[in-house]
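Read through the structure below, which is laid out as structure tokens, and then see the notes.
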There are 2 protein chains.
Amino acid sequence: VTPLAWQGGPADGRLWMLDQRALPLAERWIPLDTADEVATAITDMVVRGAPAIGWAAAWGAFLEARRLGDQASAAALAPALARLRAARPTAVNLMWAIDRLQALAARSAPSELADRFFEEARAIGAMDRAANRAMGDAGAAEVEGDGLHVLTICNTGSLATSGWGTAAGVIRSLHAQGRLACAWACETRPWLQGARLTAWELQRDGVPVRLLTDGMVGHLMKTRRIAAVFVGADRIARNGDSANKIGTYQLAVLAHHHGVPFHVVAPTTTVDLATPHGDAIPIEERSPDEVTAVQGVQIAPEGTPAWHPAFDVTPAALIRSIVTEQGAARPAYEASLAAAVQAGVATHSAR
Amino acid sequence: VTPLAWQGGPADGRLWMLDQRALPLAERWIPLDTADEVATAITDMVVRGAPAIGWAAAWGAFLEARRLGDQASAAALAPALARLRAARPTAVNLMWAIDRLQALAARSAPSELADRFFEEARAIGAMDRAANRAMGDAGAAEVEGDGLHVLTICNTGSLATSGWGTAAGVIRSLHAQGRLACAWACETRPWLQGARLTAWELQRDGVPVRLLTDGMVGHLMKTRRIAAVFVGADRIARNGDSANKIGTYQLAVLAHHHGVPFHVVAPTTTVDLATPHGDAIPIEERSPDEVTAVQGVQIAPEGTPAWHPAFDVTPAALIRSIVTEQGAARPAYEASLAAAVQAGVATHSAR
């Protein structure tokens with residue numbers, strides 16, 4: 001499974017996106033022809049997941065470069081890149097991808113810019129796939145033994161990345177190593193990424209998964225032995241505070257209370273050294289309609305006020321390790337994350 | 001609002017039940033003519049809420065007594081009472097109501113038994129309404145100041161009782177006293193009692209309510225000042241351990257972590273002195289289909305394994321007070337609950 005696919009060559013090809021809003025009931029692919037369409041698809045959550053939206057934005061930037069042709073330049077591209085960058089506020093991978101493309105535009109001649117953007121969009125996907133595999137193995141090494149029950153939230157798998165997954169990649173690696181008894185997946189209201197996406201893609205791969213509602217986590221940890229919690233991240237501050245899907249913070253508190261290790265799994269491109277701590281991470285508020293209805297079915301009385309923060313921030317103090325493609329970073333995170341990011345930048349530049 | 005209503009006299013009247021599965025989209029009343037139909041309605045959650053199902057069972061017992069007529073006796077009633085008692089396993093109010101009716105049957109002549117059951121079913125409703133008002137005021141006294149934000153889960157209001165409500169009764173009392181800014185209502189998956197029922201009935205009464213998903217509680221407590229959590233209970237063990245709707249336990253852990261007082265609100269009829277501690281409370285497991293579908297809409301792939309414990313147990317150590325109609329019981333609960341129950345029994349017998 002992949003959240004998006006380029007079909008054809010640079011000159012006449014087309015970007016196709018799997019509509020994650022319709023899963024698992026329908027597998028619908030949507031063609032996208034402009035940067036604006038890509039930005040809207042990101043805002044509307046046709047595609048979601050921090051690494052995947054960075055990758056999608058790179059394709060959107062290429063579509064704009066192709067449209068501009070010989071007129072392509074950093075200046076000409078600026079409005080489209082700004083629009084893509086603002087499509088969602090919390091996940092920093094989006095900003096990271098746009099930063100790379102902006103830098104690339106600044107050092108490219110107009111005639112070759114579209115081709116270089118095309119290569120860059122492909123490269124971002126390839127880098128992410130390689131990082132996913134490394135994270136999966138590094139995360140699996142954080143937990144000992146076999147017959148393991150682990151818990152996760154949201155979707156951090158192939159649909160959220162360009163391959164194996166981040167936290168779900170750890171689950172895939174544990175399964176590949178024969179050490180996984182069950183991946184417990186929080187359904188993850190309001191958007192139900194756990195029920196709709198994680199259950200769907202893990203079952204396709206034969207990974208044992210069991211669904212629970214977000215309110216059952218405390219009871220699960222109290223009554224069964226959970227080896228670890230693995231979650232993804234949308235932005236990791238310099239001090240290790242990590243923003244992720246709403247519901248993640250309370251998993252960390254519950255894990256702490258029950259003595260269950262809590263790990264964040266994300267590529268170094270999710271680490272934002274420019275953000276000092278979690279309070280500085282912007283938290284997207286989405287429409288209350290996504291709370292008062294489920295898949296189009298009204299569940300609360302018409303006009304019920306509802307709250308819909310899309311993310312929350314887990315303080316570094318509750319995080320046992322932050323697993324990147326460079327291995328497991330441990331507290332104190334200021335130093336370990338800075339080192340991981342430096343190694344990541346070196347790898348990405350060396351390519 | 002009331003979860004059920006008797007229409008007519010003892011000889012020819014009929015029991016009507018508001019179908020809580022259809023709320024808030026439809027307000028459908030169902031007539032019930034036999035004890036067996038009442039037991040099925042309890043199992044299927046046409047009616048739910050610990051006090052309400054005790055009350056409903058009393059009406060079911062009366063329907064059987066009426067059917068038996070002059071043949072009514074403790075022995076003749078036994079199968080129907082056993083069926084009603086077993087309709088759901090966790091809420092002890094159901095067993096309490098059946099115990100009362102059994103004792104009443106044992107001391108009644110067949111010719112007067114149906115009439116006495118009729119009076120008893122009415123009396124159980126009246127006792128519950130009086131207890132609700134007392135709990136509402138006693139619970140409101142547990143929190144100081146005004147402009148209060150409080151949090152609750154599930155539905156513990158008029159639909160779950162025969163009147164004002166338990167935890168929702170505290171919210172109504174705070175509102176009546178002009179001290180409530182907002183009642184935050186967890187939507188309470190899988191059955192969505194918070195979204196479908198609590199939001200509905202509080203809004204009908206003009207009580208300010210705001211809905212959040214069960215995964216947003218940690219973020220709410222971290223970012224806003226929550227004055228207290230008030231929850232209901234389905235069974236309270238002798239030591240104060242309290243079973244309530246799944247999701248309650250983790251609210252207590254989160255409240256503890258954030259320094260928010262956590263209160264249980266339930267009549268003394270919910271206290272089961274014969275159950276020494278929470279581990280001895282039977283936890284109902286319901287169908288996984290209630291997790292993988294929402295209001296009939298499939299949200300997970302066909303055949304996804306899911307977990308559905310309907311209740312969890314909050315240890316006494318996390319509970320600031322247990323508010324009954326006899327006032328707020330405080331730790332150590334063995335002594336304070338025993339005293340409250342004794343006072344409750346005296347009140348109920350004196351009637």
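Chain labels run A, B, ... following the order of the structure tokens; each chain numbers its residues from 1, and ligands are numbered from 1 in the order shown.
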**Study point:** Residue set, range 6-41 of chain B restricted to alpha helix (DSSP H), as a list in words
**Key:** Ala35, Asp36, Glu37, Val38, Ala39, Thr40 and Ala41 of chain B
How close does chain A get to chain B? List, as a tab-separated table, each residue of chain A within 6 Å, its nearest atom pair and the distance in Å to one decimal, counting only C-alpha atoms.
residue	atom	partner	partner_atom	distance
A:Pro24	CA	B:Pro301	CA	5.8
A:Ala195	CA	B:Ala300	CA	4.9
A:Arg196	CA	B:Ala300	CA	4.9
A:Trp200	CA	B:Pro301	CA	5.9
A:Arg210	CA	B:Pro305	CA	5.1
A:Leu211	CA	B:Ala306	CA	4.4
A:Leu212	CA	B:Trp307	CA	5.4
A:Asp214	CA	B:Gly215	CA	5.6
A:Gly215	CA	B:Gly247	CA	4.1
A:Met216	CA	B:Gly247	CA	5.5
A:Gly218	CA	B:Gln250	CA	4.7
A:Gly247	CA	B:Gly215	CA	4.1
A:Gln250	CA	B:Gly218	CA	4.8
A:Ile299	CA	B:Arg196	CA	5.8
A:Ala300	CA	B:Ala195	CA	4.9
A:Pro301	CA	B:Pro24	CA	5.8
A:Pro305	CA	B:Arg210	CA	5.1
A:Ala306	CA	B:Leu211	CA	4.4
A:Trp307	CA	B:Leu212	CA	5.4
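Between Gly259 in chain A and the residues A:Leu318, A:Ile283, A:Gly60, A:Val207, the shortest atom-to-atom distance, using only C-alpha atoms, involves A:Leu318.
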Hey, could you make a per-residue contact list for range 179-280 of chain A against range 92-98 of chain A with 10 Å as the cut-off, showing the nearest pair of atoms and its distance in Å to one decimal, counting only C-alpha atoms, sorted by chain and number, as CSV?
residue,atom,partner,partner_atom,distance
A:Ala233,CA,A:Val92,CA,9.5
A:Asp234,CA,A:Val92,CA,6.3
A:Arg235,CA,A:Val92,CA,5.4
A:Ile236,CA,A:Val92,CA,8.4
A:Ala243,CA,A:Val92,CA,10.0
A:Pro267,CA,A:Asn93,CA,9.1
A:Thr268,CA,A:Asn93,CA,9.3
A:Thr269,CA,A:Asn93,CA,5.9
A:Thr270,CA,A:Asn93,CA,5.4
A:Val271,CA,A:Val92,CA,7.6
A:Asp272,CA,A:Val92,CA,6.9
Would you output that residue set with N, CA and C atoms, as a PDB file, in the first residue's frame?
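Final file, out20.pdb:
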ATOM      1  N   ALA A 233       4.887  10.849  15.305  1.00  0.00           N
ATOM      2  CA  ALA A 233       4.958  12.252  15.713  1.00  0.00           C
ATOM      3  C   ALA A 233       4.760  13.134  14.500  1.00  0.00           C
ATOM      4  N   ASP A 234       4.200  14.303  14.744  1.00  0.00           N
ATOM      5  CA  ASP A 234       4.039  15.309  13.688  1.00  0.00           C
ATOM      6  C   ASP A 234       5.078  16.406  13.803  1.00  0.00           C
ATOM      7  N   ARG A 235       5.540  16.648  15.015  1.00  0.00           N
ATOM      8  CA  ARG A 235       6.639  17.572  15.216  1.00  0.00           C
ATOM      9  C   ARG A 235       7.268  17.279  16.579  1.00  0.00           C
ATOM     10  N   ILE A 236       8.584  17.197  16.579  1.00  0.00           N
ATOM     11  CA  ILE A 236       9.310  16.959  17.826  1.00  0.00           C
ATOM     12  C   ILE A 236      10.152  18.197  18.105  1.00  0.00           C
ATOM     13  N   ALA A 243       4.615  16.479  19.444  1.00  0.00           N
ATOM     14  CA  ALA A 243       3.218  16.623  19.030  1.00  0.00           C
ATOM     15  C   ALA A 243       2.834  15.416  18.189  1.00  0.00           C
ATOM     16  N   PRO A 267      11.033   9.994  11.707  1.00  0.00           N
ATOM     17  CA  PRO A 267      12.315  10.302  11.072  1.00  0.00           C
ATOM     18  C   PRO A 267      12.882  11.620  11.602  1.00  0.00           C
ATOM     19  N   THR A 268      14.173  11.814  11.415  1.00  0.00           N
ATOM     20  CA  THR A 268      14.787  13.063  11.895  1.00  0.00           C
ATOM     21  C   THR A 268      14.173  14.285  11.214  1.00  0.00           C
ATOM     22  N   THR A 269      13.518  14.072  10.068  1.00  0.00           N
ATOM     23  CA  THR A 269      12.860  15.203   9.393  1.00  0.00           C
ATOM     24  C   THR A 269      11.653  15.709  10.185  1.00  0.00           C
ATOM     25  N   THR A 270      11.220  14.966  11.189  1.00  0.00           N
ATOM     26  CA  THR A 270      10.109  15.398  12.050  1.00  0.00           C
ATOM     27  C   THR A 270      10.619  16.212  13.237  1.00  0.00           C
ATOM     28  N   VAL A 271      11.920  16.155  13.467  1.00  0.00           N
ATOM     29  CA  VAL A 271      12.505  16.918  14.579  1.00  0.00           C
ATOM     30  C   VAL A 271      12.707  18.356  14.122  1.00  0.00           C
ATOM     31  N   ASP A 272      12.204  19.286  14.888  1.00  0.00           N
ATOM     32  CA  ASP A 272      12.299  20.704  14.548  1.00  0.00           C
ATOM     33  C   ASP A 272      13.136  21.412  15.614  1.00  0.00           C
TER      34      ASP A 272
END
Check your understanding: From the list B:Pro31, B:Pro110, B:Gly136, B:Gly344, which residue is nearest Gly165 in chain B when using only C-alpha atoms?
Key ->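 Of all the options, B:Gly136 lies closest to Gly165 in chain B.
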Practice item. Could you tell me how far CA of Met135 in chain A lies from CA of His263 in chain A, in Å and to one decimal? Key: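 Taking CA of Met135 in chain A as the start and CA of His263 in chain A as the end point, the length is 11.5 Å.
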Practice item. Please give the complete set of residues from range 19-225 of chain B that DSSP, run on the backbone, assigns to strand (DSSP E or B), formatted as a list of chain:residue names. Key: B:Trp29, B:Ile30, B:Pro31, B:Leu32, B:Leu148, B:His149, B:Val150, B:Leu151, B:Thr152, B:Leu180, B:Ala181, B:Cys182, B:Ala183, B:Trp184, B:Ala185, B:Cys186, B:Val209, B:Arg210, B:Leu211, B:Leu212
Point to revise | Test item: residues at most 8 Å from Val150 in chain A, only C-alpha atoms, excluding those fewer than 5 positions along its chain, as a count of residues only | key: 10
Review point. At what distance in Å, to one decimal, does CA of Ala106 in chain B lie from CA of Leu68 in chain B?
Key: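 These two atoms are separated by 15.1 Å.
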**Study point:** Polymer residues at most 7 Å from range 69-73 of chain A, only C-alpha atoms, same-chain spacing of 2 or more positions, as a list in words
**Key:** Ala65, Arg66, Arg67, Ala75, Ala76, Leu77, Ala105, Pro110, Ser111, Leu113 and Ala114 of chain A
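Restricting the calculation to only C-alpha atoms, the smallest distance between Gly8 in chain A and any of A:Glu27, A:Phe118, A:Thr347, A:Ser158 is found for A:Phe118.
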